[in-house]
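Novice: Got data-v3.pdb for you, PDB, C-alpha atoms, pLDDT in the B column:
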ATOM      1  CA  MET A   1      58.170  53.858 -46.065  1.00 32.00           C
ATOM      2  CA  THR A   2      56.894  54.168 -42.473  1.00 38.00           C
ATOM      3  CA  ASP A   3      57.621  52.858 -39.010  1.00 40.00           C
ATOM      4  CA  GLN A   4      54.173  51.404 -38.486  1.00 41.00           C
ATOM      5  CA  THR A   5      53.847  48.212 -36.476  1.00 39.00           C
ATOM      6  CA  THR A   6      50.108  47.920 -36.321  1.00 42.00           C
ATOM      7  CA  GLU A   7      47.812  45.218 -35.049  1.00 48.00           C
ATOM      8  CA  THR A   8      44.136  44.512 -35.095  1.00 44.00           C
ATOM      9  CA  THR A   9      42.433  42.708 -32.217  1.00 44.00           C
ATOM     10  CA  ALA A  10      38.803  41.859 -31.637  1.00 44.00           C
ATOM     11  CA  ASP A  11      38.455  45.013 -29.566  1.00 72.00           C
ATOM     12  CA  ALA A  12      40.983  47.474 -30.956  1.00 86.00           C
ATOM     13  CA  ILE A  13      42.758  48.635 -34.076  1.00 92.00           C
ATOM     14  CA  GLY A  14      46.376  49.740 -33.982  1.00 94.00           C
ATOM     15  CA  PHE A  15      47.390  52.940 -35.736  1.00 96.00           C
ATOM     16  CA  GLY A  16      50.963  54.147 -36.132  1.00 95.00           C
ATOM     17  CA  TYR A  17      51.861  57.699 -35.178  1.00 94.00           C
ATOM     18  CA  ALA A  18      52.301  58.763 -38.821  1.00 96.00           C
ATOM     19  CA  GLU A  19      48.818  57.459 -39.613  1.00 97.00           C
ATOM     20  CA  ILE A  20      47.358  59.437 -36.697  1.00 97.00           C
ATOM     21  CA  ALA A  21      49.332  62.486 -37.849  1.00 97.00           C
ATOM     22  CA  TYR A  22      47.753  62.186 -41.299  1.00 97.00           C
ATOM     23  CA  LEU A  23      44.235  61.907 -39.871  1.00 97.00           C
ATOM     24  CA  LEU A  24      44.866  64.967 -37.681  1.00 97.00           C
ATOM     25  CA  LYS A  25      46.286  66.997 -40.560  1.00 96.00           C
ATOM     26  CA  ARG A  26      43.459  65.911 -42.828  1.00 94.00           C
ATOM     27  CA  MET A  27      40.900  67.339 -40.388  1.00 94.00           C
ATOM     28  CA  SER A  28      42.921  70.519 -39.646  1.00 93.00           C
ATOM     29  CA  THR A  29      40.365  71.836 -37.148  1.00 97.00           C
ATOM     30  CA  PRO A  30      41.100  73.550 -33.815  1.00 97.00           C
ATOM     31  CA  GLU A  31      39.913  70.321 -32.186  1.00 97.00           C
ATOM     32  CA  ALA A  32      42.406  68.308 -34.250  1.00 97.00           C
ATOM     33  CA  GLU A  33      45.172  70.644 -33.100  1.00 97.00           C
ATOM     34  CA  MET A  34      44.098  70.094 -29.496  1.00 97.00           C
ATOM     35  CA  SER A  35      44.037  66.337 -30.067  1.00 97.00           C
ATOM     36  CA  ALA A  36      47.588  66.594 -31.416  1.00 97.00           C
ATOM     37  CA  ARG A  37      48.686  68.417 -28.251  1.00 96.00           C
ATOM     38  CA  VAL A  38      47.054  65.818 -25.998  1.00 96.00           C
ATOM     39  CA  LEU A  39      48.595  62.952 -27.982  1.00 95.00           C
ATOM     40  CA  ARG A  40      51.935  64.803 -28.167  1.00 93.00           C
ATOM     41  CA  LEU A  41      51.883  64.668 -31.957  1.00 94.00           C
ATOM     42  CA  THR A  42      51.918  68.385 -32.793  1.00 96.00           C
ATOM     43  CA  GLU A  43      55.272  68.255 -34.587  1.00 95.00           C
ATOM     44  CA  GLU A  44      54.252  65.125 -36.468  1.00 95.00           C
ATOM     45  CA  MET A  45      50.950  66.704 -37.543  1.00 96.00           C
ATOM     46  CA  GLN A  46      52.738  69.818 -38.784  1.00 95.00           C
ATOM     47  CA  SER A  47      55.410  67.843 -40.631  1.00 96.00           C
ATOM     48  CA  ASP A  48      55.390  67.847 -44.425  1.00 93.00           C
ATOM     49  CA  VAL A  49      56.700  64.278 -44.560  1.00 96.00           C
ATOM     50  CA  LEU A  50      55.144  62.169 -41.796  1.00 95.00           C
ATOM     51  CA  PRO A  51      51.462  62.661 -42.732  1.00 95.00           C
ATOM     52  CA  VAL A  52      52.316  61.635 -46.308  1.00 96.00           C
ATOM     53  CA  ALA A  53      53.898  58.457 -44.960  1.00 96.00           C
ATOM     54  CA  GLY A  54      50.828  57.943 -42.792  1.00 96.00           C
ATOM     55  CA  ALA A  55      48.510  58.283 -45.790  1.00 96.00           C
ATOM     56  CA  SER A  56      50.619  55.766 -47.698  1.00 96.00           C
ATOM     57  CA  SER A  57      50.408  53.334 -44.787  1.00 96.00           C
ATOM     58  CA  LEU A  58      46.619  53.698 -44.527  1.00 96.00           C
ATOM     59  CA  LEU A  59      46.326  53.043 -48.271  1.00 96.00           C
ATOM     60  CA  GLY A  60      48.565  49.998 -47.977  1.00 95.00           C
ATOM     61  CA  ARG A  61      46.461  48.558 -45.152  1.00 94.00           C
ATOM     62  CA  GLY A  62      43.183  49.151 -46.979  1.00 94.00           C
ATOM     63  CA  PHE A  63      42.092  51.819 -44.468  1.00 95.00           C
ATOM     64  CA  ALA A  64      41.940  54.406 -47.261  1.00 95.00           C
ATOM     65  CA  THR A  65      41.376  54.388 -51.009  1.00 94.00           C
ATOM     66  CA  VAL A  66      41.991  56.782 -53.891  1.00 93.00           C
ATOM     67  CA  VAL A  67      38.789  58.132 -55.446  1.00 91.00           C
ATOM     68  CA  ASP A  68      39.073  60.636 -58.300  1.00 87.00           C
ATOM     69  CA  GLU A  69      42.714  61.296 -57.357  1.00 86.00           C
ATOM     70  CA  GLU A  70      41.685  62.115 -53.775  1.00 90.00           C
ATOM     71  CA  ILE A  71      42.364  59.963 -50.713  1.00 93.00           C
ATOM     72  CA  GLU A  72      39.163  58.771 -49.088  1.00 93.00           C
ATOM     73  CA  VAL A  73      39.423  57.414 -45.537  1.00 94.00           C
ATOM     74  CA  GLY A  74      37.804  54.013 -45.089  1.00 91.00           C
ATOM     75  CA  GLU A  75      35.368  52.712 -42.504  1.00 89.00           C
ATOM     76  CA  ALA A  76      37.974  51.588 -39.960  1.00 89.00           C
ATOM     77  CA  ALA A  77      39.774  54.949 -39.797  1.00 94.00           C
ATOM     78  CA  LEU A  78      36.870  57.337 -40.378  1.00 94.00           C
ATOM     79  CA  PRO A  79      35.540  57.314 -36.774  1.00 94.00           C
ATOM     80  CA  VAL A  80      39.072  57.981 -35.517  1.00 96.00           C
ATOM     81  CA  ALA A  81      39.488  60.971 -37.815  1.00 96.00           C
ATOM     82  CA  TYR A  82      36.051  62.289 -36.871  1.00 96.00           C
ATOM     83  CA  ALA A  83      36.549  61.985 -33.105  1.00 97.00           C
ATOM     84  CA  LEU A  84      40.016  63.553 -33.176  1.00 97.00           C
ATOM     85  CA  GLY A  85      38.803  66.419 -35.348  1.00 97.00           C
ATOM     86  CA  ARG A  86      35.504  67.097 -33.557  1.00 97.00           C
ATOM     87  CA  ALA A  87      36.272  66.308 -29.911  1.00 97.00           C
ATOM     88  CA  THR A  88      34.816  68.421 -27.117  1.00 96.00           C
ATOM     89  CA  LEU A  89      36.603  66.791 -24.152  1.00 97.00           C
ATOM     90  CA  TRP A  90      39.921  65.004 -23.714  1.00 98.00           C
ATOM     91  CA  THR A  91      40.770  63.028 -20.555  1.00 98.00           C
ATOM     92  CA  GLU A  92      44.209  61.560 -19.903  1.00 97.00           C
ATOM     93  CA  ILE A  93      43.927  58.654 -17.460  1.00 98.00           C
ATOM     94  CA  THR A  94      47.289  57.735 -15.968  1.00 97.00           C
ATOM     95  CA  LEU A  95      47.260  54.305 -14.301  1.00 97.00           C
ATOM     96  CA  ILE A  96      50.079  53.721 -11.817  1.00 97.00           C
ATOM     97  CA  HIS A  97      51.336  50.601 -10.024  1.00 94.00           C
ATOM     98  CA  ASP A  98      54.756  49.600  -8.729  1.00 92.00           C
ATOM     99  CA  GLU A  99      56.261  52.811 -10.157  1.00 86.00           C
ATOM    100  CA  ILE A 100      54.982  51.839 -13.623  1.00 91.00           C
ATOM    101  CA  ALA A 101      52.621  54.230 -15.380  1.00 93.00           C
ATOM    102  CA  ASP A 102      50.321  53.421 -18.277  1.00 94.00           C
ATOM    103  CA  THR A 103      48.030  55.879 -20.048  1.00 95.00           C
ATOM    104  CA  VAL A 104      44.612  55.813 -21.652  1.00 96.00           C
ATOM    105  CA  VAL A 105      43.396  58.891 -23.543  1.00 97.00           C
ATOM    106  CA  HIS A 106      39.618  59.319 -23.687  1.00 98.00           C
ATOM    107  CA  VAL A 107      38.645  61.413 -26.710  1.00 97.00           C
ATOM    108  CA  GLU A 108      34.975  62.374 -26.786  1.00 97.00           C
ATOM    109  CA  SER A 109      32.943  63.874 -29.588  1.00 95.00           C
ATOM    110  CA  ASP A 110      29.296  63.668 -30.518  1.00 91.00           C
ATOM    111  CA  PRO A 111      28.469  60.918 -31.418  1.00 90.00           C
ATOM    112  CA  VAL A 112      31.877  59.156 -31.519  1.00 93.00           C
ATOM    113  CA  SER A 113      34.096  58.590 -28.486  1.00 96.00           C
ATOM    114  CA  LEU A 114      37.397  56.707 -28.425  1.00 96.00           C
ATOM    115  CA  LEU A 115      39.736  55.189 -25.872  1.00 97.00           C
ATOM    116  CA  MET A 116      43.352  55.372 -27.082  1.00 96.00           C
ATOM    117  CA  GLN A 117      46.307  53.582 -25.539  1.00 94.00           C
ATOM    118  CA  PRO A 118      49.936  54.064 -26.614  1.00 91.00           C
ATOM    119  CA  ARG A 119      51.964  50.950 -27.315  1.00 87.00           C
ATOM    120  CA  THR A 120      55.391  50.069 -28.691  1.00 82.00           C
ATOM    121  CA  LEU A 121      57.017  52.093 -31.471  1.00 76.00           C
ATOM    122  CA  LEU A 122      54.545  54.973 -31.026  1.00 78.00           C
ATOM    123  CA  THR A 123      51.617  52.816 -32.065  1.00 87.00           C
ATOM    124  CA  TRP A 124      48.205  53.723 -30.654  1.00 93.00           C
ATOM    125  CA  PHE A 125      45.589  51.080 -29.940  1.00 94.00           C
ATOM    126  CA  VAL A 126      42.155  52.604 -30.522  1.00 95.00           C
ATOM    127  CA  PHE A 127      39.011  51.247 -28.888  1.00 93.00           C
ATOM    128  CA  ALA A 128      35.546  52.530 -29.743  1.00 92.00           C
ATOM    129  CA  GLN A 129      33.614  53.441 -26.604  1.00 92.00           C
ATOM    130  CA  ASP A 130      30.255  51.710 -26.301  1.00 91.00           C
ATOM    131  CA  PRO A 131      27.728  54.461 -27.185  1.00 90.00           C
ATOM    132  CA  ASP A 132      25.385  53.124 -24.492  1.00 92.00           C
ATOM    133  CA  VAL A 133      28.000  53.798 -21.789  1.00 94.00           C
ATOM    134  CA  SER A 134      28.406  57.356 -20.527  1.00 95.00           C
ATOM    135  CA  GLY A 135      31.786  59.064 -20.345  1.00 96.00           C
ATOM    136  CA  PRO A 136      31.986  58.977 -16.514  1.00 97.00           C
ATOM    137  CA  ASP A 137      30.966  55.306 -16.463  1.00 97.00           C
ATOM    138  CA  ALA A 138      33.608  54.414 -19.060  1.00 96.00           C
ATOM    139  CA  GLU A 139      36.317  56.161 -17.041  1.00 97.00           C
ATOM    140  CA  LEU A 140      35.111  54.555 -13.789  1.00 98.00           C
ATOM    141  CA  GLU A 141      35.356  51.118 -15.418  1.00 97.00           C
ATOM    142  CA  ILE A 142      38.950  51.808 -16.483  1.00 97.00           C
ATOM    143  CA  VAL A 143      39.959  52.756 -12.925  1.00 97.00           C
ATOM    144  CA  GLN A 144      38.094  49.802 -11.404  1.00 97.00           C
ATOM    145  CA  GLU A 145      39.712  47.319 -13.800  1.00 96.00           C
ATOM    146  CA  HIS A 146      43.151  48.795 -13.110  1.00 97.00           C
ATOM    147  CA  VAL A 147      42.738  48.268  -9.356  1.00 97.00           C
ATOM    148  CA  ARG A 148      41.316  44.769  -9.881  1.00 96.00           C
ATOM    149  CA  GLN A 149      44.452  43.851 -11.812  1.00 96.00           C
ATOM    150  CA  HIS A 150      46.809  45.786  -9.536  1.00 96.00           C
ATOM    151  CA  PRO A 151      45.497  46.030  -5.957  1.00 94.00           C
ATOM    152  CA  GLY A 152      46.864  49.208  -4.454  1.00 93.00           C
ATOM    153  CA  GLY A 153      47.214  50.823  -7.874  1.00 96.00           C
ATOM    154  CA  THR A 154      46.347  54.489  -8.247  1.00 97.00           C
ATOM    155  CA  ALA A 155      45.102  56.725 -11.033  1.00 97.00           C
ATOM    156  CA  MET A 156      45.218  60.353 -12.112  1.00 97.00           C
ATOM    157  CA  LEU A 157      42.516  61.757 -14.381  1.00 97.00           C
ATOM    158  CA  ARG A 158      43.364  64.962 -16.221  1.00 96.00           C
ATOM    159  CA  ALA A 159      40.322  66.355 -18.029  1.00 96.00           C
ATOM    160  CA  ARG A 160      41.211  68.922 -20.693  1.00 96.00           C
ATOM    161  CA  VAL A 161      39.607  71.411 -23.021  1.00 95.00           C
ATOM    162  CA  ASP A 162      41.440  74.031 -25.030  1.00 93.00           C
ATOM    163  CA  GLY A 163      42.915  76.436 -22.480  1.00 91.00           C
ATOM    164  CA  ALA A 164      41.816  74.667 -19.283  1.00 92.00           C
ATOM    165  CA  GLU A 165      42.285  71.431 -17.362  1.00 93.00           C
ATOM    166  CA  SER A 166      41.329  69.831 -14.055  1.00 92.00           C
ATOM    167  CA  LEU A 167      42.851  66.952 -12.078  1.00 94.00           C
ATOM    168  CA  LEU A 168      41.433  64.129  -9.985  1.00 96.00           C
ATOM    169  CA  LEU A 169      43.657  61.733  -8.043  1.00 97.00           C
ATOM    170  CA  VAL A 170      42.173  58.333  -7.184  1.00 98.00           C
ATOM    171  CA  ARG A 171      43.403  55.599  -4.856  1.00 97.00           C
ATOM    172  CA  PRO A 172      41.813  52.598  -3.131  1.00 97.00           C
ATOM    173  CA  ASP A 173      40.680  53.262   0.449  1.00 96.00           C
ATOM    174  CA  GLY A 174      40.131  49.798   1.880  1.00 94.00           C
ATOM    175  CA  THR A 175      37.091  48.492   0.011  1.00 94.00           C
ATOM    176  CA  LYS A 176      36.181  52.029  -1.015  1.00 97.00           C
ATOM    177  CA  TRP A 177      37.938  54.962  -2.712  1.00 98.00           C
ATOM    178  CA  ALA A 178      39.775  58.163  -1.873  1.00 97.00           C
ATOM    179  CA  VAL A 179      39.990  61.085  -4.268  1.00 97.00           C
ATOM    180  CA  GLY A 180      42.160  64.175  -4.229  1.00 96.00           C
ATOM    181  CA  THR A 181      41.474  67.452  -5.983  1.00 91.00           C
ATOM    182  CA  VAL A 182      43.448  70.646  -6.458  1.00 81.00           C
ATOM    183  CA  VAL A 183      41.359  73.545  -5.120  1.00 70.00           C
ATOM    184  CA  GLU A 184      42.305  77.109  -5.935  1.00 65.00           C
ATOM    185  CA  GLY A 185      43.578  78.857  -2.813  1.00 63.00           C
ATOM    186  CA  GLU A 186      44.412  75.606  -0.998  1.00 68.00           C
ATOM    187  CA  PRO A 187      48.131  74.819  -0.544  1.00 74.00           C
ATOM    188  CA  ASP A 188      47.631  71.033  -0.580  1.00 80.00           C
ATOM    189  CA  VAL A 189      45.504  68.494  -2.390  1.00 86.00           C
ATOM    190  CA  VAL A 190      42.053  68.275  -0.809  1.00 89.00           C
ATOM    191  CA  GLU A 191      41.242  64.614  -0.167  1.00 94.00           C
ATOM    192  CA  ARG A 192      37.930  62.853   0.365  1.00 95.00           C
ATOM    193  CA  THR A 193      37.917  59.270   1.663  1.00 97.00           C
ATOM    194  CA  GLY A 194      35.451  56.417   2.042  1.00 97.00           C
ATOM    195  CA  LEU A 195      33.771  56.938  -1.349  1.00 98.00           C
ATOM    196  CA  THR A 196      31.559  54.223  -2.809  1.00 98.00           C
ATOM    197  CA  ASP A 197      31.737  53.260  -6.489  1.00 98.00           C
ATOM    198  CA  HIS A 198      28.747  55.505  -7.131  1.00 98.00           C
ATOM    199  CA  GLU A 199      30.388  58.418  -5.310  1.00 98.00           C
ATOM    200  CA  LEU A 200      33.605  57.908  -7.269  1.00 98.00           C
ATOM    201  CA  ARG A 201      31.565  58.000 -10.460  1.00 98.00           C
ATOM    202  CA  ASP A 202      30.023  61.286  -9.269  1.00 97.00           C
ATOM    203  CA  ALA A 203      33.514  62.694  -8.575  1.00 97.00           C
ATOM    204  CA  ILE A 204      34.590  61.809 -12.119  1.00 97.00           C
ATOM    205  CA  ALA A 205      31.434  63.426 -13.520  1.00 97.00           C
ATOM    206  CA  GLU A 206      32.128  66.547 -11.422  1.00 95.00           C
ATOM    207  CA  LEU A 207      35.695  66.718 -12.763  1.00 95.00           C
ATOM    208  CA  ARG A 208      34.374  66.719 -16.322  1.00 94.00           C
ATOM    209  CA  THR A 209      31.688  69.298 -15.603  1.00 93.00           C
ATOM    210  CA  THR A 210      34.201  71.547 -13.858  1.00 89.00           C
ATOM    211  CA  VAL A 211      36.628  71.702 -16.779  1.00 89.00           C
ATOM    212  CA  THR A 212      33.964  72.147 -19.451  1.00 84.00           C
ATOM    213  CA  SER A 213      32.439  75.046 -17.505  1.00 80.00           C
ATOM    214  CA  LEU A 214      35.720  76.931 -17.075  1.00 68.00           C
ATOM    215  CA  PRO A 215      35.968  80.175 -19.074  1.00 62.00           C
TER     216      PRO A 215
END
Could the structure of this file be written out as structure tokens, please?

Specialist:
Amino acid sequence: MTDQTTETTADAIGFGYAEIAYLLKRMSTPEAEMSARVLRLTEEMQSDVLPVAGASSLLGRGFATVVDEEIEVGEAALPVAYALGRATLWTEITLIHDEIADTVVHVESDPVSLLMQPRTLLTWFVFAQDPDVSGPDAELEIVQEHVRQHPGGTAMLRARVDGAESLLLVRPDGTKWAVGTVVEGEPDVVERTGLTDHELRDAIAELRTTVTSLP
């Protein structure tokens, strides 16, 4: 059938890569295609076989039902399909410590935003972002928690829209933060040090504004 090893926790639902491929193919929007590129699931989305297996898995888990011979996505999977197919901003947050890198993908649409984390056997854990928390605040919290768990850990935020991207490098600077940006015309990363939490939040917000304003 499929290779899904999925879990549900109090905070997240696990989706296998074939299930995500089905949800992407079901939407078939330019935004879904961009989501597939960000999640590195373009081939899976375009496959004739994997999305069918994903649909079967969703049906088997009760995340979809058949209504009038059509598959109808259920409540647990519907926000995921919507966000992936209607997103306006994608941010890959790479969290690094001791030469180990973990990734969180922030997928934002109006009104649904998701935090997605890859796990074993190409399973994605999907967390719904609190709608009362802004995008920059959510990303700041991820970086802060990473450094709390791994003092000295660093992060790279890669904000993306279709055809453009922007990078922000983040590292602890004593009790404050240092950020590095790539500036056109500069040979090296331009670094700013001694940033407060609020200033780091502003740098993250600036990163997002920069990429969404690019032509």

Novice: Using only C-alpha atoms, which of the listed residues (A:Leu95, A:Ala205, A:Val189, A:Val211) sits closest to Met156 of chain A?

Specialist: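 The answer is A:Leu95, which sits nearest to Met156 of chain A.
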
Novice: Could you give me, as a tab-separated table, every segment 96-124 of chain A residue with an atom at most 12 Å from segment 71-85 of chain A, plus its closest atom pair and distance in Å to one decimal, counting all atoms listed in the file, rows ordered by chain then number?

Specialist:
residue	atom	partner	partner_atom	distance
A:Val105	CA	A:Leu84	CA	11.2
A:His106	CA	A:Ala83	CA	10.3
A:Val107	CA	A:Ala83	CA	6.8
A:Glu108	CA	A:Ala83	CA	6.5
A:Ser109	CA	A:Ala83	CA	5.4
A:Asp110	CA	A:Ala83	CA	7.9
A:Pro111	CA	A:Ala83	CA	8.3
A:Val112	CA	A:Ala83	CA	5.7
A:Ser113	CA	A:Ala83	CA	6.2
A:Leu114	CA	A:Ala83	CA	7.1
A:Leu115	CA	A:Val80	CA	10.1
A:Met116	CA	A:Val80	CA	9.8
A:Trp124	CA	A:Val80	CA	11.2

Novice: So which one's closest to Ser57 of chain A, A:Ser166, A:Thr196, A:Thr91, A:Gly16? Using all atoms listed in the file, please.

Specialist: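 So, comparing all the options, the nearest one is A:Gly16.
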
Novice: Check which residues satisfy the PyMOL selection byres ((chain A and resi 35) around 10) in the file shown, then give them as a PyMOL selection string.

Specialist: chain A and resi 24+29-34+36-42+83-90+105+107+161-162

Novice: Using only C-alpha atoms, which protein or nucleic acid residues come within 6 Å of Arg171 of chain A? Drop anything in the same chain fewer than 4 positions from it, and give the result as a list of chain:residue names.

Specialist: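 Once the nearby chain positions are removed, what remains is A:Thr154, A:Trp177, A:Ala178.
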
Novice: Keeping C-alpha atoms, export the residues of the selection given above as a compact mmCIF listing (two decimals), keeping the file's coordinate frame.

Specialist:
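As a result, again-v8.txt now contains:
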# COMPACT_ATOMS: atom_id res chain seq x y z
CA THR A 154 46.35 54.49 -8.25
CA TRP A 177 37.94 54.96 -2.71
CA ALA A 178 39.78 58.16 -1.87

Novice: If I put a ball of radius 12 Å at (35.5, 54.8, -13.7) in the file's coordinates, which residues poke into it when counting only C-alpha atoms, written as a PyMOL selection string?

Specialist: chain A and resi 91+93+95+106+133-147+155-157+168+170-171+177+196-205+207

Novice: In Å, how far is it from atom CA of Thr209 of chain A to atom CA of Gly152 of chain A?

Specialist: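 These two atoms are separated by 27.5 Å.
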
Novice: Would you compute the distance between atom CA of Thr212 of chain A and atom CA of Glu92 of chain A? Give it in Å to one decimal.

Specialist: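 Taking atom CA of Thr212 of chain A as the start and atom CA of Glu92 of chain A as the end point, the length is 14.7 Å.
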
Novice: Would you translate the PyMOL selection byres ((chain A and resi 194) around 6) into the concrete set of residues it matches in this file, as a list in words?

Specialist: Lys176, Trp177, Thr193 and Leu195 of chain A

Novice: Restricted to C-alpha atoms, what would the selected residues look like written as a short mmCIF file (atom, residue, chain, number, x, y, z; two decimals), keeping the file's coordinate frame?

Specialist:
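Heads up, here's the output in result.cif:
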data_model
loop_
_atom_site.label_atom_id
_atom_site.label_comp_id
_atom_site.auth_asym_id
_atom_site.auth_seq_id
_atom_site.Cartn_x
_atom_site.Cartn_y
_atom_site.Cartn_z
CA LYS A 176 36.18 52.03 -1.01
CA TRP A 177 37.94 54.96 -2.71
CA THR A 193 37.92 59.27 1.66
CA LEU A 195 33.77 56.94 -1.35
#

Novice: Atom CA of Ala159 of chain A and atom CA of His97 of chain A are how many Å apart?

Specialist: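 Distance between the two atoms: 20.8 Å.
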
Novice: Residue by residue, what does the PyMOL selection byres ((chain A and resi 15) around 7) grab here? Present the result as number ranges by chain.

Specialist: A: 6, 13-14, 16-17, 19-20, 123-125

Novice: For Val190 of chain A, work out the shell of residues within 12 Å, counting all atoms listed in the file and skipping chain neighbours fewer than 6 positions away, then give it as a PyMOL selection string.

Specialist: chain A and resi 167-170+178-184

Novice: As an MDAnalysis selection string, please: the residues near Ser56 of chain A (cut-off 10 Å, all atoms listed in the file, same-chain neighbours under 5 positions excluded).

Specialist: chainID A and resid 1:2 18:19 22 50:51 61:65 71

Novice: Calculate, to one decimal in Å, the centre and edge lengths of the box along x, y and z of the file that holds all listed atoms of segment 18-31 of chain A with 4 Å of margin on each side, and present them as JSON.

Specialist:
{"center_x": 46.1, "center_y": 65.5, "center_z": -37.5, "size_x": 20.4, "size_y": 24.1, "size_z": 18.6}
